[in-house]
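Visitor: Structure file entry_27.pdb (PDB, C-alpha atoms and all ligand atoms) is given on the next line.
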```
ATOM      1  CA  MET A   1       9.710 -25.441   3.604  1.00  0.00           C
ATOM      2  CA  PRO A   2       8.856 -22.580   1.241  1.00  0.00           C
ATOM      3  CA  THR A   3      10.933 -19.445   1.575  1.00  0.00           C
ATOM      4  CA  SER A   4      10.266 -15.939   0.396  1.00  0.00           C
ATOM      5  CA  PRO A   5      12.996 -13.803  -1.145  1.00  0.00           C
ATOM      6  CA  LYS A   6      11.219 -10.697   0.122  1.00  0.00           C
ATOM      7  CA  GLY A   7      10.873 -12.080   3.626  1.00  0.00           C
ATOM      8  CA  LYS A   8       7.159 -11.453   3.764  1.00  0.00           C
ATOM      9  CA  PRO A   9       5.279 -12.905   6.716  1.00  0.00           C
ATOM     10  CA  LEU A  10       3.166 -15.995   6.214  1.00  0.00           C
ATOM     11  CA  LEU A  11      -0.608 -15.839   6.159  1.00  0.00           C
ATOM     12  CA  LEU A  12      -1.907 -19.166   7.455  1.00  0.00           C
ATOM     13  CA  LEU A  13      -5.425 -19.376   6.125  1.00  0.00           C
ATOM     14  CA  ASP A  14      -8.384 -21.451   7.298  1.00  0.00           C
ATOM     15  CA  VAL A  15     -11.306 -22.220   4.959  1.00  0.00           C
ATOM     16  CA  ASP A  16     -14.393 -22.898   7.081  1.00  0.00           C
ATOM     17  CA  GLY A  17     -15.111 -19.703   8.970  1.00  0.00           C
ATOM     18  CA  PRO A  18     -12.967 -17.098   7.190  1.00  0.00           C
ATOM     19  CA  LEU A  19     -13.716 -17.972   3.551  1.00  0.00           C
ATOM     20  CA  ASN A  20     -16.831 -20.092   4.024  1.00  0.00           C
ATOM     21  CA  PRO A  21     -19.011 -18.398   6.686  1.00  0.00           C
ATOM     22  CA  PHE A  22     -20.689 -21.688   7.527  1.00  0.00           C
ATOM     23  CA  ALA A  23     -22.508 -20.350  10.589  1.00  0.00           C
ATOM     24  CA  ALA A  24     -24.272 -17.504   8.775  1.00  0.00           C
ATOM     25  CA  LYS A  25     -27.873 -17.411   9.903  1.00  0.00           C
ATOM     26  CA  ARG A  26     -30.694 -17.348   7.453  1.00  0.00           C
ATOM     27  CA  PHE A  27     -31.701 -13.841   8.500  1.00  0.00           C
ATOM     28  CA  ARG A  28     -28.169 -12.641   7.930  1.00  0.00           C
ATOM     29  CA  ARG A  29     -28.093 -13.848   4.362  1.00  0.00           C
ATOM     30  CA  PRO A  30     -28.135 -10.316   2.880  1.00  0.00           C
ATOM     31  CA  ARG A  31     -24.524 -10.141   4.047  1.00  0.00           C
ATOM     32  CA  LEU A  32     -23.831 -13.044   1.758  1.00  0.00           C
ATOM     33  CA  ARG A  33     -24.930 -11.278  -1.413  1.00  0.00           C
ATOM     34  CA  GLU A  34     -21.406 -11.395  -2.783  1.00  0.00           C
ATOM     35  CA  TYR A  35     -21.070 -15.103  -2.129  1.00  0.00           C
ATOM     36  CA  ALA A  36     -21.813 -18.008  -4.442  1.00  0.00           C
ATOM     37  CA  THR A  37     -22.993 -21.349  -3.107  1.00  0.00           C
ATOM     38  CA  HIS A  38     -21.169 -24.487  -4.231  1.00  0.00           C
ATOM     39  CA  ARG A  39     -21.634 -28.157  -3.481  1.00  0.00           C
ATOM     40  CA  VAL A  40     -18.349 -30.025  -3.450  1.00  0.00           C
ATOM     41  CA  LEU A  41     -17.141 -33.500  -2.554  1.00  0.00           C
ATOM     42  CA  PRO A  42     -13.558 -33.213  -1.255  1.00  0.00           C
ATOM     43  CA  ASP A  43     -11.408 -36.339  -1.368  1.00  0.00           C
ATOM     44  CA  GLY A  44     -10.490 -35.894   2.297  1.00  0.00           C
ATOM     45  CA  TRP A  45     -14.157 -35.748   3.300  1.00  0.00           C
ATOM     46  CA  VAL A  46     -14.980 -38.877   1.284  1.00  0.00           C
ATOM     47  CA  ALA A  47     -12.051 -40.714   2.913  1.00  0.00           C
ATOM     48  CA  SER A  48     -12.931 -39.643   6.459  1.00  0.00           C
ATOM     49  CA  ARG A  49     -16.554 -40.703   6.025  1.00  0.00           C
ATOM     50  CA  ALA A  50     -15.532 -43.978   4.395  1.00  0.00           C
ATOM     51  CA  ALA A  51     -13.289 -44.721   7.392  1.00  0.00           C
ATOM     52  CA  ARG A  52     -16.454 -44.651   9.511  1.00  0.00           C
ATOM     53  CA  GLY A  53     -18.427 -46.709   7.014  1.00  0.00           C
ATOM     54  CA  ILE A  54     -20.494 -43.715   5.940  1.00  0.00           C
ATOM     55  CA  ARG A  55     -21.087 -42.588   2.375  1.00  0.00           C
ATOM     56  CA  ALA A  56     -20.123 -38.926   2.010  1.00  0.00           C
ATOM     57  CA  THR A  57     -22.642 -36.456   0.653  1.00  0.00           C
ATOM     58  CA  PRO A  58     -21.545 -33.180  -0.944  1.00  0.00           C
ATOM     59  CA  LEU A  59     -20.640 -30.271   1.334  1.00  0.00           C
ATOM     60  CA  ARG A  60     -22.209 -26.881   0.826  1.00  0.00           C
ATOM     61  CA  VAL A  61     -19.736 -24.028   0.848  1.00  0.00           C
ATOM     62  CA  ARG A  62     -20.378 -20.337   0.320  1.00  0.00           C
ATOM     63  CA  LEU A  63     -17.435 -18.482  -1.187  1.00  0.00           C
ATOM     64  CA  ASN A  64     -16.790 -14.905  -2.211  1.00  0.00           C
ATOM     65  CA  PRO A  65     -15.059 -14.819  -5.613  1.00  0.00           C
ATOM     66  CA  GLN A  66     -13.439 -11.483  -4.701  1.00  0.00           C
ATOM     67  CA  HIS A  67     -11.590 -12.827  -1.678  1.00  0.00           C
ATOM     68  CA  GLY A  68      -8.708 -14.241  -3.690  1.00  0.00           C
ATOM     69  CA  ALA A  69      -7.747 -10.869  -5.143  1.00  0.00           C
ATOM     70  CA  ALA A  70      -8.109  -9.218  -1.741  1.00  0.00           C
ATOM     71  CA  LEU A  71      -5.846 -11.813  -0.119  1.00  0.00           C
ATOM     72  CA  LEU A  72      -3.269 -11.621  -2.908  1.00  0.00           C
ATOM     73  CA  GLY A  73      -3.177  -7.876  -2.405  1.00  0.00           C
ATOM     74  CA  LEU A  74      -1.921  -8.299   1.156  1.00  0.00           C
ATOM     75  CA  PRO A  75       1.845  -8.280   1.891  1.00  0.00           C
ATOM     76  CA  PHE A  76       1.959 -11.952   2.902  1.00  0.00           C
ATOM     77  CA  ASP A  77       2.902 -15.356   1.520  1.00  0.00           C
ATOM     78  CA  LEU A  78      -0.365 -17.281   1.597  1.00  0.00           C
ATOM     79  CA  VAL A  79      -0.503 -20.825   2.963  1.00  0.00           C
ATOM     80  CA  TRP A  80      -3.482 -23.160   3.468  1.00  0.00           C
ATOM     81  CA  ALA A  81      -3.887 -24.032   7.143  1.00  0.00           C
ATOM     82  CA  THR A  82      -7.134 -25.969   6.919  1.00  0.00           C
ATOM     83  CA  ALA A  83      -8.557 -29.438   7.410  1.00  0.00           C
ATOM     84  CA  TRP A  84      -9.262 -29.280   3.675  1.00  0.00           C
ATOM     85  CA  THR A  85      -5.489 -29.608   3.110  1.00  0.00           C
ATOM     86  CA  HIS A  86      -4.867 -30.275  -0.611  1.00  0.00           C
ATOM     87  CA  ASP A  87      -8.581 -30.213  -1.386  1.00  0.00           C
ATOM     88  CA  ALA A  88      -8.395 -26.460  -0.737  1.00  0.00           C
ATOM     89  CA  ASN A  89      -6.195 -26.047  -3.815  1.00  0.00           C
ATOM     90  CA  ALA A  90      -8.505 -28.240  -5.882  1.00  0.00           C
ATOM     91  CA  MET A  91     -11.875 -26.920  -4.730  1.00  0.00           C
ATOM     92  CA  ILE A  92     -11.521 -23.575  -2.956  1.00  0.00           C
ATOM     93  CA  SER A  93      -8.698 -21.755  -4.777  1.00  0.00           C
ATOM     94  CA  PRO A  94     -10.357 -21.743  -8.233  1.00  0.00           C
ATOM     95  CA  ARG A  95     -13.649 -20.516  -6.750  1.00  0.00           C
ATOM     96  CA  VAL A  96     -12.173 -17.534  -4.905  1.00  0.00           C
ATOM     97  CA  GLY A  97      -9.498 -16.600  -7.432  1.00  0.00           C
ATOM     98  CA  LEU A  98      -6.379 -17.910  -5.714  1.00  0.00           C
ATOM     99  CA  PRO A  99      -3.477 -19.788  -7.304  1.00  0.00           C
ATOM    100  CA  GLU A 100      -2.274 -23.109  -5.920  1.00  0.00           C
ATOM    101  CA  LEU A 101      -0.868 -22.430  -2.444  1.00  0.00           C
ATOM    102  CA  PRO A 102       1.476 -24.343  -0.124  1.00  0.00           C
ATOM    103  CA  VAL A 103      -0.481 -26.643   2.180  1.00  0.00           C
ATOM    104  CA  ILE A 104       0.169 -27.451   5.830  1.00  0.00           C
ATOM    105  CA  GLU A 105      -0.428 -31.158   6.330  1.00  0.00           C
ATOM    106  CA  TRP A 106      -1.625 -32.299   9.746  1.00  0.00           C
ATOM    107  CA  PRO A 107      -0.772 -35.310  11.862  1.00  0.00           C
ATOM    108  CA  ALA A 108      -3.199 -38.225  11.554  1.00  0.00           C
ATOM    109  CA  ALA A 109      -4.959 -37.630  14.886  1.00  0.00           C
ATOM    110  CA  MET A 110      -5.315 -33.972  14.060  1.00  0.00           C
ATOM    111  CA  GLU A 111      -8.661 -33.044  15.533  1.00  0.00           C
ATOM    112  CA  ALA A 112      -8.056 -34.394  19.029  1.00  0.00           C
ATOM    113  CA  ALA A 113      -8.235 -31.793  21.783  1.00  0.00           C
ATOM    114  CA  GLN A 114      -4.787 -30.684  22.917  1.00  0.00           C
ATOM    115  CA  ASP A 115      -4.647 -29.228  26.418  1.00  0.00           C
ATOM    116  CA  GLY A 116      -7.069 -26.434  25.711  1.00  0.00           C
ATOM    117  CA  ILE A 117      -5.343 -25.172  22.607  1.00  0.00           C
ATOM    118  CA  HIS A 118      -6.552 -25.565  19.037  1.00  0.00           C
ATOM    119  CA  TRP A 119      -5.547 -28.777  17.302  1.00  0.00           C
ATOM    120  CA  LYS A 120      -3.688 -26.773  14.644  1.00  0.00           C
ATOM    121  CA  THR A 121      -1.685 -24.537  16.962  1.00  0.00           C
ATOM    122  CA  ARG A 122       1.368 -26.632  17.806  1.00  0.00           C
ATOM    123  CA  HIS A 123       1.695 -27.919  14.299  1.00  0.00           C
ATOM    124  CA  LEU A 124       1.490 -24.602  12.495  1.00  0.00           C
ATOM    125  CA  VAL A 125       4.019 -23.049  14.867  1.00  0.00           C
ATOM    126  CA  ALA A 126       6.400 -25.905  14.036  1.00  0.00           C
ATOM    127  CA  TRP A 127       5.687 -25.443  10.323  1.00  0.00           C
ATOM    128  CA  ALA A 128       6.376 -21.687  10.444  1.00  0.00           C
ATOM    129  CA  ALA A 129       9.767 -22.484  12.031  1.00  0.00           C
ATOM    130  CA  GLY A 130      10.218 -19.007  13.467  1.00  0.00           C
ATOM    131  CA  ARG A 131       8.950 -17.021  10.467  1.00  0.00           C
ATOM    132  CA  PRO A 132       6.516 -14.226  11.290  1.00  0.00           C
ATOM    133  CA  PHE A 133       2.946 -15.282  10.589  1.00  0.00           C
ATOM    134  CA  ALA A 134      -0.647 -14.205  10.782  1.00  0.00           C
ATOM    135  CA  TRP A 135      -3.078 -17.044  11.394  1.00  0.00           C
ATOM    136  CA  VAL A 136      -6.678 -16.426  10.335  1.00  0.00           C
ATOM    137  CA  ASP A 137      -9.168 -18.899  11.788  1.00  0.00           C
ATOM    138  CA  ASP A 138     -12.576 -19.051  13.489  1.00  0.00           C
ATOM    139  CA  GLY A 139     -11.231 -21.429  16.143  1.00  0.00           C
ATOM    140  CA  ILE A 140      -8.584 -19.185  17.737  1.00  0.00           C
ATOM    141  CA  GLN A 141      -8.846 -18.533  21.471  1.00  0.00           C
ATOM    142  CA  ASP A 142      -6.746 -16.648  24.032  1.00  0.00           C
ATOM    143  CA  SER A 143      -5.146 -19.951  25.066  1.00  0.00           C
ATOM    144  CA  ASP A 144      -3.712 -20.225  21.530  1.00  0.00           C
ATOM    145  CA  ARG A 145      -2.348 -16.678  21.693  1.00  0.00           C
ATOM    146  CA  ALA A 146      -0.660 -17.476  25.004  1.00  0.00           C
ATOM    147  CA  TRP A 147       0.828 -20.723  23.684  1.00  0.00           C
ATOM    148  CA  VAL A 148       2.156 -19.083  20.522  1.00  0.00           C
ATOM    149  CA  GLY A 149       3.568 -16.215  22.570  1.00  0.00           C
ATOM    150  CA  GLU A 150       5.631 -18.678  24.559  1.00  0.00           C
ATOM    151  CA  ASN A 151       6.622 -21.041  21.771  1.00  0.00           C
ATOM    152  CA  HIS A 152       7.148 -19.005  18.593  1.00  0.00           C
ATOM    153  CA  ILE A 153      10.231 -16.834  18.124  1.00  0.00           C
ATOM    154  CA  GLY A 154       8.929 -14.592  15.343  1.00  0.00           C
ATOM    155  CA  ALA A 155       6.068 -12.101  15.394  1.00  0.00           C
ATOM    156  CA  ALA A 156       2.601 -13.644  15.276  1.00  0.00           C
ATOM    157  CA  LEU A 157      -0.938 -12.368  14.859  1.00  0.00           C
ATOM    158  CA  LEU A 158      -3.698 -14.802  15.751  1.00  0.00           C
ATOM    159  CA  HIS A 159      -6.712 -13.229  14.097  1.00  0.00           C
ATOM    160  CA  HIS A 160     -10.143 -14.633  14.913  1.00  0.00           C
ATOM    161  CA  VAL A 161     -12.827 -14.443  12.232  1.00  0.00           C
ATOM    162  CA  ASP A 162     -16.518 -14.863  13.050  1.00  0.00           C
ATOM    163  CA  PRO A 163     -17.847 -17.912  11.146  1.00  0.00           C
ATOM    164  CA  ARG A 164     -21.263 -16.219  10.921  1.00  0.00           C
ATOM    165  CA  ILE A 165     -19.717 -13.434   8.845  1.00  0.00           C
ATOM    166  CA  GLY A 166     -16.449 -14.520   7.237  1.00  0.00           C
ATOM    167  CA  LEU A 167     -13.643 -12.205   6.162  1.00  0.00           C
ATOM    168  CA  THR A 168     -14.559  -8.535   5.926  1.00  0.00           C
ATOM    169  CA  GLU A 169     -12.834  -5.366   4.787  1.00  0.00           C
ATOM    170  CA  GLN A 170     -11.996  -4.728   8.435  1.00  0.00           C
ATOM    171  CA  ASP A 171     -10.099  -8.028   8.641  1.00  0.00           C
ATOM    172  CA  PHE A 172      -8.057  -7.148   5.559  1.00  0.00           C
ATOM    173  CA  THR A 173      -7.202  -3.770   7.097  1.00  0.00           C
ATOM    174  CA  ILE A 174      -6.066  -5.397  10.348  1.00  0.00           C
ATOM    175  CA  LEU A 175      -3.850  -7.842   8.451  1.00  0.00           C
ATOM    176  CA  ARG A 176      -2.347  -5.120   6.258  1.00  0.00           C
ATOM    177  CA  ASP A 177      -1.629  -2.876   9.261  1.00  0.00           C
ATOM    178  CA  TRP A 178      -0.057  -5.730  11.219  1.00  0.00           C
ATOM    179  CA  ALA A 179       2.254  -6.673   8.335  1.00  0.00           C
ATOM    180  CA  ALA A 180       3.344  -3.055   7.946  1.00  0.00           C
ATOM    181  CA  ALA A 181       4.131  -2.794  11.666  1.00  0.00           C
ATOM    182  CA  ALA A 182       5.935  -6.146  11.694  1.00  0.00           C
ATOM    183  CA  GLU A 183       8.432  -5.113   8.987  1.00  0.00           C
TER     184      GLU A 183
HETATM  185 MG    MG B   1     -12.483 -23.048  10.620  1.00  0.00          MG
END
```
Mind turning the file's structure into structure tokens?
Ligand SMILES: [Mg+2]

Guide:
Amino acid sequence: MPTSPKGKPLLLLDVDGPLNPFAAKRFRRPRLREYATHRVLPDGWVASRAARGIRATPLRVRLNPQHGAALLGLPFDLVWATAWTHDANAMISPRVGLPELPVIEWPAAMEAAQDGIHWKTRHLVAWAAGRPFAWVDDGIQDSDRAWVGENHIGAALLHHVDPRIGLTEQDFTILRDWAAAAE
């Protein structure tokens, strides 16, 4: 478990939605001016397709190369909390300007529905082990906020990001303000 000498909160970061606004509509593309389109073939994707007897084709991701610097400028310890797991370090970090980050690994049956809460919720709360965290994800619902409120000792911000838009300046402001208030 990584620890921080400064005691900064964790920022548990999803890829698809916050960094890769996969649901952006064609007519909204002007918002994506600052993004670059990449086609990548993550090991995890190849393995999951192979398990179903399907040959994986490359995934298209749109990434903003300025997001890394913006995230590193926040008073958090960044952690990947994404189905990309270690592929995020290999394929996302270099394209947004992030260093290698700690990775939350998920149980094998990770994407099964879990009583109306997100499949990541229980596991990332266990991983945080009481440390304050902000979780940034397009899949967060009120049921997750309620579950975390009852099962996590430290402060927590569950911040939903619209997968049609991705992270914006407003999101960075919310995260910065929350960290300042949580000190
Ligand atoms: Mg997502």

Visitor: Which residues fall under the PyMOL selection byres (((not hetatm)) within 6 of (chain B and resi 1)) in this file, as a VMD selection string?

Guide: chain A and resid 14 to 17 137 to 139

Visitor: Closest to Phe172 (chain A) among A:Pro75, A:Gly7, A:Pro102, A:Pro58, using only C-alpha atoms?

Guide: A:Pro75

Visitor: If you apply the PyMOL selection byres (((chain A and resi 13) around 8) and not hetatm) to this file, what residues do you get, as a list in words?

Guide: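 Listing what the PyMOL selection byres (((chain A and resi 13) around 8) and not hetatm) selects in the shown file: Leu11, Leu12, Asp14, Val15, Pro18, Leu78, Val79, Trp80, Ala81, Thr82, Trp135, Val136 and Asp137 of chain A.
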
Visitor: Work out how far apart CA of His160 (chain A) and CA of Gln141 (chain A) are and give it in Å to one decimal.

Guide: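 Computing the Euclidean distance for CA of His160 (chain A) and CA of Gln141 (chain A) yields 7.7 Å.
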
Visitor: Contacts of region 91-99 of chain A at 6 Å or less, counting all atoms listed in the file, minus same-chain residues fewer than 2 places along, as a list in words?

Guide: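 Contacts, in chain order: Asn64, Pro65, His67, Gly68, Asp87, Ala88 and Asn89 of chain A.
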
Visitor: At what distance in Å, to one decimal, does CA of His38 (chain A) lie from CA of Ala56 (chain A)?

Guide: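 One can read the CA of Ala56 (chain A) to CA of His38 (chain A) distance as 15.8 Å.
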
Visitor: Evaluate the PyMOL selection byres (((chain A and resi 148-151) around 10) and not hetatm) against this structure - the residues, as a count of residues only, please.

Guide: 20

Visitor: Using Å and a single decimal, report how far CA of His118 (chain A) sits from CA of Ile140 (chain A).

Guide: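 Separation between CA of Ile140 (chain A) and CA of His118 (chain A): 6.8 Å.
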
Visitor: Which residue gives the smallest distance to Leu175 (chain A) among A:Pro163, A:Gly73, A:Gly53, A:Pro42, with only C-alpha atoms counted?

Guide: A:Gly73

Visitor: Using all atoms listed in the file, pick whichever of A:Ser48, A:Glu100, A:Leu74, A:Ala83 has the shortest atom-to-atom distance to Ile174 (chain A).

Guide: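 The closest residue to Ile174 (chain A) is A:Leu74.
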
Visitor: Which residues are near Phe22 (chain A)? Cut-off 12 Å, only C-alpha atoms, ignore same chain within fewer than 3 positions. Put them as a list in words.

Guide: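 Selected residues are Val15, Asp16, Gly17, Pro18, Leu19, Lys25, Arg26, Arg28, Arg29, Leu32, Tyr35, Thr37, Leu59, Arg60, Val61, Arg62, Leu63, Asp138, Val161, Asp162, Pro163, Arg164, Ile165, Gly166 and Leu167 of chain A.
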
Visitor: Compare A:Trp84, A:Ala70, A:His159, A:Pro107 by their minimum atom-to-atom distance to Val46 (chain A), counting only C-alpha atoms, and give me the closest one.

Guide: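 The answer is A:Trp84, which sits nearest to Val46 (chain A).
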
Visitor: Using only the atoms of region 72-88 of chain A listed in the file, plus 5 Å on each side, state the axis-aligned box centre and edge lengths in Å rounded to one decimal, as lines of an AutoDock Vina configuration file.

Guide:
```
center_x = -3.2
center_y = -19.1
center_z = 2.3
size_x = 22.2
size_y = 32.4
size_z = 20.3
```

Visitor: Tell me which of A:Phe76, A:Trp127, A:Trp119, A:Phe133 sits closest to Glu105 (chain A), counting all atoms listed in the file.

Guide: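 Residue with the minimum atom-to-atom distance to Glu105 (chain A): A:Trp127.
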